[in-house]
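Quick look at entry-v8.pdb (PDB, C-alpha atoms and all ligand atoms):
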ATOM      1  CA  MET A 203      10.395   8.917  -2.155
ATOM      2  CA  SER A 204       9.575   5.377  -1.119
ATOM      3  CA  SER A 205      11.701   5.417   2.037
ATOM      4  CA  ILE A 206       8.976   7.230   3.979
ATOM      5  CA  PHE A 207       6.711   4.228   3.568
ATOM      6  CA  LEU A 208       6.678   0.980   5.496
ATOM      7  CA  PRO A 209       6.640  -2.114   3.322
ATOM      8  CA  PRO A 210       3.065  -3.423   3.605
ATOM      9  CA  PRO A 211       2.849  -6.398   5.973
ATOM     10  CA  THR A 212       0.957  -9.573   5.101
ATOM     11  CA  GLN A 213      -1.281 -10.932   7.822
ATOM     12  CA  GLN A 214      -2.882 -14.354   7.911
ATOM     13  CA  ILE A 215      -6.548 -14.850   8.810
ATOM     14  CA  HIS A 216      -7.526 -17.964  10.740
ATOM     15  CA  SER A 217     -11.164 -18.860  11.191
ATOM     16  CA  HIS A 218     -13.478 -21.841  10.985
ATOM     17  CA  ILE A 219     -14.569 -20.563   7.564
ATOM     18  CA  THR A 220     -11.069 -20.753   6.073
ATOM     19  CA  GLN A 221     -10.505 -24.061   7.845
ATOM     20  CA  ASN A 222     -13.688 -25.613   6.436
ATOM     21  CA  ALA A 223     -12.857 -24.313   2.968
ATOM     22  CA  GLY A 224      -9.322 -25.709   3.230
ATOM     23  CA  VAL A 225      -7.716 -22.467   2.062
ATOM     24  CA  GLU A 226      -5.017 -20.166   3.306
ATOM     25  CA  LEU A 227      -6.235 -16.579   3.588
ATOM     26  CA  SER A 228      -3.948 -13.570   3.948
ATOM     27  CA  VAL A 229      -4.339  -9.816   3.859
ATOM     28  CA  LEU A 230      -1.864  -7.388   2.312
ATOM     29  CA  ARG A 231      -2.107  -4.346   4.585
ATOM     30  CA  LEU A 232      -1.570  -1.375   2.260
ATOM     31  CA  ASP A 233      -3.438   0.613   4.924
ATOM     32  CA  LEU A 234      -0.378   0.425   7.180
ATOM     33  CA  MET A 235       2.225   1.927   4.855
ATOM     34  CA  HIS A 236       1.854   5.472   6.157
ATOM     35  CA  PRO A 237      -0.668   7.095   8.520
ATOM     36  CA  TRP A 238      -2.185   9.290   5.773
ATOM     37  CA  VAL A 239      -0.664   8.482   2.415
ATOM     38  CA  ASN A 240      -1.566   4.848   2.089
ATOM     39  CA  GLY A 241      -3.624   2.231   0.356
ATOM     40  CA  ASN A 242      -3.982   2.012  -3.385
ATOM     41  CA  LYS A 243      -4.285   5.814  -3.518
ATOM     42  CA  TRP A 244      -0.578   6.155  -2.766
ATOM     43  CA  PHE A 245       0.323   3.724  -5.561
ATOM     44  CA  LYS A 246      -1.881   5.685  -7.982
ATOM     45  CA  LEU A 247      -0.245   8.965  -6.953
ATOM     46  CA  LYS A 248       3.370   7.842  -7.000
ATOM     47  CA  TYR A 249       4.186   8.190 -10.710
ATOM     48  CA  ASN A 250       1.951  11.228 -11.057
ATOM     49  CA  LEU A 251       4.038  12.975  -8.398
ATOM     50  CA  LEU A 252       7.290  11.802  -9.952
ATOM     51  CA  GLU A 253       6.207  13.140 -13.339
ATOM     52  CA  ALA A 254       5.131  16.463 -11.803
ATOM     53  CA  LYS A 255       8.519  16.778 -10.078
ATOM     54  CA  LYS A 256      10.379  15.895 -13.256
ATOM     55  CA  MET A 257       8.450  18.545 -15.169
ATOM     56  CA  ASN A 258       9.133  21.120 -12.426
ATOM     57  CA  PHE A 259       5.540  21.705 -11.411
ATOM     58  CA  ASN A 260       4.993  23.130  -7.928
ATOM     59  CA  THR A 261       1.221  22.767  -7.865
ATOM     60  CA  LEU A 262      -0.971  19.686  -8.174
ATOM     61  CA  LEU A 263      -4.667  20.011  -8.965
ATOM     62  CA  THR A 264      -7.075  17.125  -8.685
ATOM     63  CA  PHE A 265     -10.767  16.267  -8.368
ATOM     64  CA  GLY A 266     -12.923  14.354  -5.908
ATOM     65  CA  GLY A 267     -16.067  14.026  -3.839
ATOM     66  CA  ALA A 268     -16.307  15.500  -0.352
ATOM     67  CA  TYR A 269     -15.362  12.186   1.315
ATOM     68  CA  SER A 270     -12.754  11.167  -1.243
ATOM     69  CA  ASN A 271      -9.813   8.979  -0.199
ATOM     70  CA  HIS A 272      -7.955  10.408  -3.187
ATOM     71  CA  ILE A 273      -8.394  14.039  -2.061
ATOM     72  CA  PHE A 274      -7.212  13.051   1.417
ATOM     73  CA  ALA A 275      -4.139  11.226   0.076
ATOM     74  CA  THR A 276      -3.263  13.943  -2.457
ATOM     75  CA  ALA A 277      -3.420  16.653   0.214
ATOM     76  CA  ALA A 278      -1.123  14.665   2.503
ATOM     77  CA  ALA A 279       1.272  13.528  -0.234
ATOM     78  CA  GLY A 280       1.486  17.067  -1.601
ATOM     79  CA  LYS A 281       2.469  18.360   1.821
ATOM     80  CA  LEU A 282       4.956  15.523   2.321
ATOM     81  CA  PHE A 283       6.688  16.023  -1.021
ATOM     82  CA  GLY A 284       6.569  19.809  -1.220
ATOM     83  CA  PHE A 285       3.737  20.520  -3.646
ATOM     84  CA  HIS A 286       1.038  23.109  -3.324
ATOM     85  CA  THR A 287      -2.292  21.295  -3.826
ATOM     86  CA  ILE A 288      -5.701  22.349  -5.126
ATOM     87  CA  GLY A 289      -8.712  20.079  -4.669
ATOM     88  CA  VAL A 290     -11.716  20.601  -6.932
ATOM     89  CA  ILE A 291     -14.591  19.229  -4.852
ATOM     90  CA  ARG A 292     -17.838  17.978  -6.391
ATOM     91  CA  GLY A 293     -20.917  19.850  -5.130
ATOM     92  CA  GLU A 294     -21.482  22.813  -2.885
ATOM     93  CA  GLU A 295     -19.538  23.734   0.184
ATOM     94  CA  ARG A 296     -21.070  22.406   3.395
ATOM     95  CA  LEU A 297     -20.113  23.666   6.795
ATOM     96  CA  PRO A 298     -18.848  22.513   9.157
ATOM     97  CA  GLN A 299     -16.329  20.743   6.972
ATOM     98  CA  ASN A 300     -16.405  16.967   7.158
ATOM     99  CA  PRO A 301     -13.299  15.172   8.532
ATOM    100  CA  THR A 302     -11.878  14.481   5.042
ATOM    101  CA  LEU A 303     -11.977  18.087   3.907
ATOM    102  CA  SER A 304     -10.851  19.581   7.195
ATOM    103  CA  PHE A 305      -7.835  17.254   7.059
ATOM    104  CA  ALA A 306      -7.140  18.356   3.482
ATOM    105  CA  VAL A 307      -7.215  21.998   4.567
ATOM    106  CA  GLN A 308      -4.859  21.211   7.475
ATOM    107  CA  GLN A 309      -2.470  19.802   4.892
ATOM    108  CA  SER A 310      -2.693  23.196   3.138
ATOM    109  CA  MET A 311      -4.842  22.009   0.253
ATOM    110  CA  GLN A 312      -6.784  24.827  -1.365
ATOM    111  CA  LEU A 313     -10.397  23.706  -1.870
ATOM    112  CA  VAL A 314     -12.515  24.841  -4.790
ATOM    113  CA  TYR A 315     -16.164  23.789  -4.998
ATOM    114  CA  CYS A 316     -17.636  22.838  -8.333
ATOM    115  CA  ASP A 317     -21.320  22.332  -9.110
ATOM    116  CA  ARG A 318     -22.258  18.853 -10.215
ATOM    117  CA  THR A 319     -22.915  19.824 -13.833
ATOM    118  CA  SER A 320     -19.535  21.513 -14.360
ATOM    119  CA  TYR A 321     -17.889  18.682 -12.446
ATOM    120  CA  LYS A 322     -18.936  16.328 -15.245
ATOM    121  CA  GLN A 323     -16.439  18.229 -17.449
ATOM    122  CA  ARG A 324     -13.540  17.255 -15.172
ATOM    123  CA  ASN A 325     -11.736  15.229 -17.841
ATOM    124  CA  THR A 326     -12.191  17.643 -20.754
ATOM    125  CA  PRO A 327      -9.382  19.735 -22.285
ATOM    126  CA  GLU A 328     -11.731  22.756 -22.187
ATOM    127  CA  LEU A 329     -12.091  22.684 -18.412
ATOM    128  CA  HIS A 330      -8.366  21.971 -18.007
ATOM    129  CA  ALA A 331      -7.554  25.023 -20.157
ATOM    130  CA  GLN A 332      -9.842  27.169 -17.995
ATOM    131  CA  LEU A 333      -8.221  25.856 -14.836
ATOM    132  CA  ARG A 334      -4.745  26.574 -16.220
ATOM    133  CA  GLU A 335      -5.782  30.069 -17.157
ATOM    134  CA  HIS A 336      -7.019  30.643 -13.644
ATOM    135  CA  TYR A 337      -4.391  28.827 -11.547
ATOM    136  CA  GLY A 338      -1.343  29.044 -13.802
ATOM    137  CA  GLU A 339       1.167  26.216 -13.947
ATOM    138  CA  ILE A 340      -0.694  23.223 -12.544
ATOM    139  CA  PHE A 341      -0.115  19.508 -12.891
ATOM    140  CA  ILE A 342      -3.570  17.970 -13.271
ATOM    141  CA  ILE A 343      -4.217  14.520 -11.807
ATOM    142  CA  PRO A 344      -7.565  12.944 -12.730
ATOM    143  CA  GLU A 345     -10.125  11.973 -10.095
ATOM    144  CA  GLY A 346      -8.955   8.951  -8.123
ATOM    145  CA  GLY A 347      -5.483   9.139  -9.690
ATOM    146  CA  SER A 348      -6.971   7.046 -12.461
ATOM    147  CA  ASN A 349      -4.587   7.426 -15.390
ATOM    148  CA  LEU A 350      -1.731   5.348 -16.795
ATOM    149  CA  ASN A 351       0.644   6.732 -14.152
ATOM    150  CA  GLY A 352      -1.881   5.400 -11.663
ATOM    151  CA  VAL A 353      -1.920   1.980 -13.299
ATOM    152  CA  ARG A 354       1.866   1.975 -13.353
ATOM    153  CA  GLY A 355       2.096   2.541  -9.614
ATOM    154  CA  CYS A 356      -0.359  -0.291  -9.020
ATOM    155  CA  THR A 357       1.842  -2.752 -10.899
ATOM    156  CA  GLU A 358       4.083  -2.459  -7.815
ATOM    157  CA  ILE A 359       1.470  -3.479  -5.230
ATOM    158  CA  LEU A 360       2.243  -7.189  -5.424
ATOM    159  CA  LYS A 361       5.999  -6.635  -5.406
ATOM    160  CA  GLU A 362       7.596  -8.616  -2.631
ATOM    161  CA  THR A 363       4.422 -10.437  -1.651
ATOM    162  CA  GLY A 364       4.728 -14.163  -1.151
ATOM    163  CA  ASP A 365       3.425 -16.978  -3.257
ATOM    164  CA  PHE A 366      -0.343 -16.714  -3.772
ATOM    165  CA  ASP A 367      -2.793 -18.378  -6.159
ATOM    166  CA  VAL A 368      -5.670 -15.913  -6.057
ATOM    167  CA  ILE A 369      -5.610 -12.138  -5.549
ATOM    168  CA  CYS A 370      -8.836 -10.370  -4.497
ATOM    169  CA  ILE A 371      -9.446  -6.644  -4.583
ATOM    170  CA  ALA A 372     -12.286  -4.134  -4.283
ATOM    171  CA  CYS A 373     -12.793  -2.156  -7.430
ATOM    172  CA  GLY A 374     -14.147   1.321  -8.238
ATOM    173  CA  THR A 375     -12.764   2.464 -11.592
ATOM    174  CA  GLY A 376     -10.647  -0.655 -12.127
ATOM    175  CA  THR A 377      -7.373   1.295 -12.340
ATOM    176  CA  THR A 378      -5.833  -0.519  -9.404
ATOM    177  CA  PHE A 379      -7.043  -3.868 -10.660
ATOM    178  CA  ALA A 380      -5.519  -3.205 -14.103
ATOM    179  CA  GLY A 381      -2.156  -2.644 -12.404
ATOM    180  CA  ILE A 382      -2.557  -5.881 -10.472
ATOM    181  CA  LEU A 383      -3.335  -7.762 -13.699
ATOM    182  CA  LEU A 384      -0.235  -6.378 -15.381
ATOM    183  CA  SER A 385       1.920  -7.750 -12.602
ATOM    184  CA  LEU A 386       0.224 -11.115 -12.122
ATOM    185  CA  ALA A 387       2.436 -14.183 -12.372
ATOM    186  CA  GLN A 388       1.435 -16.747 -14.988
ATOM    187  CA  LYS A 389      -0.165 -19.179 -12.558
ATOM    188  CA  GLN A 390      -2.005 -16.545 -10.553
ATOM    189  CA  ARG A 391      -5.562 -15.372 -11.047
ATOM    190  CA  ALA A 392      -7.302 -12.245  -9.796
ATOM    191  CA  ILE A 393     -10.842 -11.433  -8.736
ATOM    192  CA  ALA A 394     -12.274  -7.921  -8.691
ATOM    193  CA  PHE A 395     -15.272  -6.994  -6.547
ATOM    194  CA  PRO A 396     -16.928  -3.835  -7.968
ATOM    195  CA  ILE A 397     -18.464  -1.709  -5.233
ATOM    196  CA  LEU A 398     -20.680   0.116  -7.725
ATOM    197  CA  LYS A 399     -24.048  -1.199  -8.786
ATOM    198  CA  ASN A 400     -24.040  -2.775 -12.267
ATOM    199  CA  GLY A 401     -20.286  -3.232 -12.104
ATOM    200  CA  GLU A 402     -20.329  -5.416 -15.230
ATOM    201  CA  PHE A 403     -19.259  -2.395 -17.309
ATOM    202  CA  LEU A 404     -15.828  -2.795 -15.738
ATOM    203  CA  GLN A 405     -15.213  -5.885 -17.852
ATOM    204  CA  THR A 406     -14.444  -3.690 -20.887
ATOM    205  CA  GLU A 407     -12.994  -0.790 -18.845
ATOM    206  CA  ILE A 408     -10.370  -3.033 -17.315
ATOM    207  CA  ALA A 409      -9.523  -4.744 -20.595
ATOM    208  CA  THR A 410      -9.147  -1.297 -22.216
ATOM    209  CA  LEU A 411      -6.910   0.006 -19.432
ATOM    210  CA  TRP A 412      -4.756  -3.099 -19.706
ATOM    211  CA  GLN A 413      -4.428  -2.651 -23.458
ATOM    212  CA  SER A 414      -3.759   1.094 -23.378
ATOM    213  CA  TYR A 415      -1.021   0.505 -20.832
ATOM    214  CA  LEU A 416       0.735  -1.895 -23.172
ATOM    215  CA  ALA A 417      -0.007   0.313 -26.192
ATOM    216  CA  ALA A 418       1.641   3.271 -24.416
ATOM    217  CA  GLY A 419       4.824   1.229 -24.490
ATOM    218  CA  LEU A 420       4.959   0.995 -20.730
ATOM    219  CA  LEU A 421       6.624  -2.267 -20.081
ATOM    220  CA  ALA A 422       4.481  -4.632 -18.069
ATOM    221  CA  PRO A 423       6.256  -6.821 -15.549
ATOM    222  CA  ASN A 424       4.344  -9.647 -17.207
ATOM    223  CA  ASN A 425       2.311  -9.087 -20.353
ATOM    224  CA  SER A 426       0.795 -12.483 -20.931
ATOM    225  CA  PRO A 427      -3.025 -12.294 -20.885
ATOM    226  CA  PRO A 428      -4.000 -12.551 -17.245
ATOM    227  CA  SER A 429      -6.644 -14.794 -15.784
ATOM    228  CA  TRP A 430      -9.303 -12.774 -14.018
ATOM    229  CA  GLU A 431     -12.982 -12.343 -13.272
ATOM    230  CA  LEU A 432     -15.433  -9.827 -11.869
ATOM    231  CA  ILE A 433     -17.845 -10.690  -9.090
ATOM    232  CA  CYS A 434     -20.568  -8.090  -9.186
ATOM    233  CA  ASN A 435     -23.081  -9.039  -6.509
ATOM    234  CA  TYR A 436     -21.478  -7.643  -3.361
ATOM    235  CA  HIS A 437     -22.116  -3.926  -3.951
ATOM    236  CA  PHE A 438     -24.743  -3.641  -1.166
ATOM    237  CA  GLY A 439     -26.876  -1.248  -3.217
ATOM    238  CA  GLY A 440     -24.053   0.816  -4.734
ATOM    239  CA  TYR A 441     -21.390   3.369  -3.964
ATOM    240  CA  ALA A 442     -21.125   4.163  -0.232
ATOM    241  CA  LYS A 443     -24.359   2.266   0.470
ATOM    242  CA  VAL A 444     -24.310   0.028   3.519
ATOM    243  CA  ASN A 445     -26.782  -2.086   5.457
ATOM    244  CA  ASN A 446     -26.829  -3.527   8.956
ATOM    245  CA  GLU A 447     -25.409  -6.818   7.809
ATOM    246  CA  LEU A 448     -22.341  -5.128   6.339
ATOM    247  CA  LEU A 449     -21.881  -2.939   9.418
ATOM    248  CA  LYS A 450     -22.138  -5.968  11.697
ATOM    249  CA  PHE A 451     -19.704  -7.941   9.552
ATOM    250  CA  THR A 452     -17.185  -5.081   9.580
ATOM    251  CA  GLN A 453     -17.346  -4.680  13.347
ATOM    252  CA  GLN A 454     -17.054  -8.415  13.977
ATOM    253  CA  PHE A 455     -14.200  -8.767  11.524
ATOM    254  CA  GLN A 456     -12.241  -6.073  13.293
ATOM    255  CA  GLN A 457     -12.942  -7.592  16.709
ATOM    256  CA  THR A 458     -11.961 -11.085  15.629
ATOM    257  CA  HIS A 459      -8.982 -10.390  13.404
ATOM    258  CA  GLY A 460      -7.861  -6.938  14.482
ATOM    259  CA  ILE A 461      -8.185  -5.566  10.965
ATOM    260  CA  PRO A 462     -10.263  -2.410  10.442
ATOM    261  CA  LEU A 463     -12.090  -2.225   7.094
ATOM    262  CA  ASP A 464     -13.573   0.773   5.316
ATOM    263  CA  TYR A 465     -17.285   0.595   4.560
ATOM    264  CA  VAL A 466     -17.088   1.846   0.975
ATOM    265  CA  TYR A 467     -14.586  -0.616  -0.496
ATOM    266  CA  THR A 468     -12.738  -3.209   1.563
ATOM    267  CA  ALA A 469     -15.655  -4.283   3.786
ATOM    268  CA  LYS A 470     -17.669  -5.286   0.714
ATOM    269  CA  MET A 471     -14.822  -7.304  -0.803
ATOM    270  CA  PHE A 472     -13.984  -9.049   2.477
ATOM    271  CA  TYR A 473     -17.663  -9.848   3.003
ATOM    272  CA  GLY A 474     -17.826 -11.249  -0.515
ATOM    273  CA  VAL A 475     -14.769 -13.440  -0.052
ATOM    274  CA  MET A 476     -15.985 -14.852   3.271
ATOM    275  CA  ASP A 477     -19.383 -15.531   1.714
ATOM    276  CA  LEU A 478     -17.833 -17.265  -1.305
ATOM    277  CA  LEU A 479     -15.652 -19.353   0.995
ATOM    278  CA  LYS A 480     -18.790 -20.611   2.739
ATOM    279  CA  GLN A 481     -20.255 -21.522  -0.659
ATOM    280  CA  GLY A 482     -17.209 -23.560  -1.646
ATOM    281  CA  PHE A 483     -16.273 -21.164  -4.462
ATOM    282  CA  PHE A 484     -12.513 -21.545  -3.944
ATOM    283  CA  SER A 485     -10.495 -24.726  -4.376
ATOM    284  CA  LYS A 486      -8.998 -26.570  -1.452
ATOM    285  CA  GLY A 487      -5.392 -25.578  -1.033
ATOM    286  CA  ASP A 488      -5.868 -22.145  -2.624
ATOM    287  CA  ARG A 489      -3.628 -19.498  -1.149
ATOM    288  CA  ILE A 490      -5.734 -16.357  -1.326
ATOM    289  CA  LEU A 491      -4.464 -12.805  -0.871
ATOM    290  CA  LEU A 492      -6.925 -10.014  -0.082
ATOM    291  CA  ILE A 493      -5.592  -6.561  -0.777
ATOM    292  CA  HIS A 494      -6.489  -4.054   1.911
ATOM    293  CA  THR A 495      -6.569  -0.890  -0.196
ATOM    294  CA  GLY A 496      -6.890   1.474   2.793
ATOM    295  CA  GLY A 497      -9.630   4.117   2.788
ATOM    296  CA  LEU A 498     -10.081   4.050   6.544
ATOM    297  CA  GLN A 499     -10.201   7.844   6.731
ATOM    298  CA  GLY A 500     -13.640   7.653   5.083
ATOM    299  CA  ASN A 501     -15.106   5.780   8.050
ATOM    300  CA  LEU A 502     -15.131   8.945  10.150
ATOM    301  CA  GLY A 503     -17.423  10.722   7.719
ATOM    302  CA  MET A 504     -19.535   7.595   7.281
ATOM    303  CA  GLN A 505     -19.906   7.223  11.039
ATOM    304  CA  GLN A 506     -21.058  10.831  11.325
ATOM    305  CA  ARG A 507     -23.645  10.325   8.601
ATOM    306  CA  LEU A 508     -24.927   7.019   9.971
ATOM    307  CA  ILE A 509     -24.504   7.958  13.627
ATOM    308  CA  ILE A 510     -22.832   4.628  14.418
TER     309      ILE A 510
HETATM  310  C1  LIG B   1     -10.287   4.237  -4.587
HETATM  311  C2  LIG B   1     -10.325   2.966  -3.803
HETATM  312  C3  LIG B   1     -10.524   1.718  -4.417
HETATM  313  C4  LIG B   1     -10.828   1.584  -5.887
HETATM  314  O1  LIG B   1      -9.751   1.846  -6.713
HETATM  315  P1  LIG B   1      -9.937   1.852  -8.297
HETATM  316  O2  LIG B   1      -8.565   1.960  -8.812
HETATM  317  O3  LIG B   1     -10.771   3.055  -8.646
HETATM  318  O4  LIG B   1     -10.639   0.610  -8.702
HETATM  319  C5  LIG B   1     -10.492   0.580  -3.630
HETATM  320  N1  LIG B   1     -10.295   0.661  -2.297
HETATM  321  C6  LIG B   1     -10.126   1.829  -1.662
HETATM  322  C7  LIG B   1      -9.956   1.828  -0.196
HETATM  323  C8  LIG B   1     -10.123   3.023  -2.398
HETATM  324  O5  LIG B   1      -9.957   4.187  -1.755
END
For this file, write the structure as structure tokens.
Ligand SMILES: *Cc1c(COP(=O)(O)O)cnc(C)c1O
Amino acid sequence: MSSIFLPPPTQQIHSHITQNAGVELSVLRLDLMHPWVNGNKWFKLKYNLLEAKKMNFNTLLTFGGAYSNHIFATAAAGKLFGFHTIGVIRGEERLPQNPTLSFAVQQSMQLVYCDRTSYKQRNTPELHAQLREHYGEIFIIPEGGSNLNGVRGCTEILKETGDFDVICIACGTGTTFAGILLSLAQKQRAIAFPILKNGEFLQTEIATLWQSYLAAGLLAPNNSPPSWELICNYHFGGYAKVNNELLKFTQQFQQTHGIPLDYVYTAKMFYGVMDLLKQGFFSKGDRILLIHTGGLQGNLGMQQRLII
């Protein structure tokens, strides 16, 4: 299964900001592993797909918003690995289809629209029973691939990366970050940048995910309590909100370093790290690794909405 994917390259960033801060800054390019099935969404899908295969399911059903990186990745991964896929999309159908959903349909995903009230039931056994009654034998993957299989896949993100002191990552549900924490070496620390407003709630979410992973008897590569923190003030107003400063930063970053960032997640984390570097937040000599979690497909839809 893994042979289709390129090992993610690590790329170093040189700028006067890193020079002044006396740090070494690198980017782990999970966005380059595969044209469509990439980023953290692949890691979150991996063990879900393996479990579905093992249990002889032919159909995957999952949930997401109309611009969801997870829907995009599930559609492509399903096609690649021989599953029929059903995407339950939050909200009403809008035509013409946005680039995310038209891609999903090209990958033979069957789309089902779900009003926002019913969508809130997406994690309940009642709705799952209804879906099974309607669609038959389906393997249900939660929104974003955010379950313990998802965490398990994310414990493999740092595999074969070099020697780093600090790992930085953008954070939505915290599933990916929990996987990172479970694989952190003793001397490493990790920083999560929530892209939601009021991201402080993730403090307990992440701790709970970490504990349930260990409680499930899934062996962590390293289960000593990790050293980590949340930095909550780079959300730019909340989920998928952007301003001119963030847009300008993203464009300049790509021009200067040749690395495209997505506006919803990675741009906010990269902005935050560069800003913290200017403030002297990191220690001299720190070797910092930023995880590029992918999500670039979402920029098309964002560009259409913003007309940029
Ligand atoms: C989904 C996503 C995240 C957030 O992942 P969580 O596991 O929900 O924290 C980060 N970056 C990108 C590009 C994503 O698509």
Using all atoms listed in the file, find all polymer residues with an atom at most 10 Å away from the point (-7.9, -11.3, 15.9); report them as a PDB file with C-alpha atoms, in the frame of the given file.
ATOM      1  CA  GLN A 214      -2.882 -14.354   7.911  1.00  0.00           C
ATOM      2  CA  ILE A 215      -6.548 -14.850   8.810  1.00  0.00           C
ATOM      3  CA  HIS A 216      -7.526 -17.964  10.740  1.00  0.00           C
ATOM      4  CA  SER A 217     -11.164 -18.860  11.191  1.00  0.00           C
ATOM      5  CA  GLN A 454     -17.054  -8.415  13.977  1.00  0.00           C
ATOM      6  CA  PHE A 455     -14.200  -8.767  11.524  1.00  0.00           C
ATOM      7  CA  GLN A 456     -12.241  -6.073  13.293  1.00  0.00           C
ATOM      8  CA  GLN A 457     -12.942  -7.592  16.709  1.00  0.00           C
ATOM      9  CA  THR A 458     -11.961 -11.085  15.629  1.00  0.00           C
ATOM     10  CA  HIS A 459      -8.982 -10.390  13.404  1.00  0.00           C
ATOM     11  CA  GLY A 460      -7.861  -6.938  14.482  1.00  0.00           C
ATOM     12  CA  ILE A 461      -8.185  -5.566  10.965  1.00  0.00           C
TER      13      ILE A 461
END
### Selection within 9 Å of ligand LIG 1 (chain B) by all atoms listed in the file, output as a count of residues only
41
### Query
Excluding same-chain residues fewer than 5 positions from Arg507 in chain A, what lies within 12 Å of it counting all atoms listed in the file, as a ChimeraX atom specification?
/A:269,300-301,442-444,500-502
Take the selection from the previous step and output its residues with C-alpha atoms, as a JSON list (two decimals), keeping the file's coordinate frame.
[["chain", "number", "residue", "atom", "x", "y", "z"],
["A", 269, "TYR", "CA", -15.36, 12.19, 1.32],
["A", 300, "ASN", "CA", -16.40, 16.97, 7.16],
["A", 301, "PRO", "CA", -13.30, 15.17, 8.53],
["A", 442, "ALA", "CA", -21.12, 4.16, -0.23],
["A", 443, "LYS", "CA", -24.36, 2.27, 0.47],
["A", 444, "VAL", "CA", -24.31, 0.03, 3.52],
["A", 500, "GLY", "CA", -13.64, 7.65, 5.08],
["A", 501, "ASN", "CA", -15.11, 5.78, 8.05],
["A", 502, "LEU", "CA", -15.13, 8.94, 10.15]]
### Task
Step by step, work through what the PyMOL selection byres (((chain A and resi 292) around 8) and not hetatm) selects in the shown file, and finish by giving those residues as a list of chain:residue names.
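Checked against the file, the PyMOL selection byres (((chain A and resi 292) around 8) and not hetatm) matches A:Phe265, A:Gly266, A:Gly267, A:Ala268, A:Val290, A:Ile291, A:Gly293, A:Glu294, A:Tyr315, A:Cys316, A:Asp317, A:Arg318, A:Tyr321.
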#### Entry: Which residue of A:Tyr436, A:Asn325, A:Leu449, A:Pro298 approaches Pro462 in chain A most closely, using all atoms listed in the file
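Once distances to Pro462 in chain A are computed over all atoms listed in the file, the minimum belongs to A:Leu449.
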### Query
Which residue gives the smallest distance to Tyr473 in chain A among A:Glu253, A:Glu447, A:Asp488, A:Glu328, with all atoms listed in the file counted?
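Closest to Tyr473 in chain A of all the choices is A:Glu447.
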### Query
Which of these, A:Tyr415, A:Phe283, A:Phe274, A:Phe259, has the shortest distance to Pro237 in chain A once you count all atoms listed in the file?
A:Phe274
### Task
Determine the residue membership of the PyMOL selection byres (((chain A and resi 239) around 8) and not hetatm) for the file above and supply it as a PyMOL selection string.
chain A and resi 235-238+240-241+243-244+275-276+278-279
### Message
(8.6, 6.3, 3.0) in this file's frame - what residues fall within 10 Å of it? Use all atoms listed in the file and give the answer as a ChimeraX atom specification.
### Response
/A:203-209,235-236,239,282
Expanded to explicit residues, what is the PyMOL selection byres (((chain A and resi 487) around 7) and not hetatm) for this file, as a PDB file with C-alpha atoms, keeping the file's coordinate frame?
ATOM      1  CA  GLY A 224      -9.322 -25.709   3.230  1.00  0.00           C
ATOM      2  CA  VAL A 225      -7.716 -22.467   2.062  1.00  0.00           C
ATOM      3  CA  GLU A 226      -5.017 -20.166   3.306  1.00  0.00           C
ATOM      4  CA  SER A 485     -10.495 -24.726  -4.376  1.00  0.00           C
ATOM      5  CA  LYS A 486      -8.998 -26.570  -1.452  1.00  0.00           C
ATOM      6  CA  ASP A 488      -5.868 -22.145  -2.624  1.00  0.00           C
ATOM      7  CA  ARG A 489      -3.628 -19.498  -1.149  1.00  0.00           C
TER       8      ARG A 489
END
### Separation of CA of Glu339 in chain A from CA of Val307 in chain A, in Å and rounded to one decimal
20.8 Å
### Query
Pick the closest to His330 in chain A from A:Gly289, A:Lys281, A:Leu263, A:Asn445: which is it, counting only C-alpha atoms?
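Checking each candidate against His330 in chain A, we get A:Leu263 as the closest.
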How big is the axis-aligned box around the listed atoms of range 365-379 of chain A once 4 Å is added on each side, and where is its centre? Give both in Å to one decimal, as AutoDock Vina command-line options.
--center_x -5.4 --center_y -8.0 --center_z -7.8 --size_x 25.6 --size_y 28.8 --size_z 17.1
### Task
Could you tell me how far CA of Phe472 in chain A lies from CA of Lys248 in chain A, in Å and to one decimal?
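Computing the Euclidean distance for CA of Phe472 in chain A and CA of Lys248 in chain A yields 26.0 Å.
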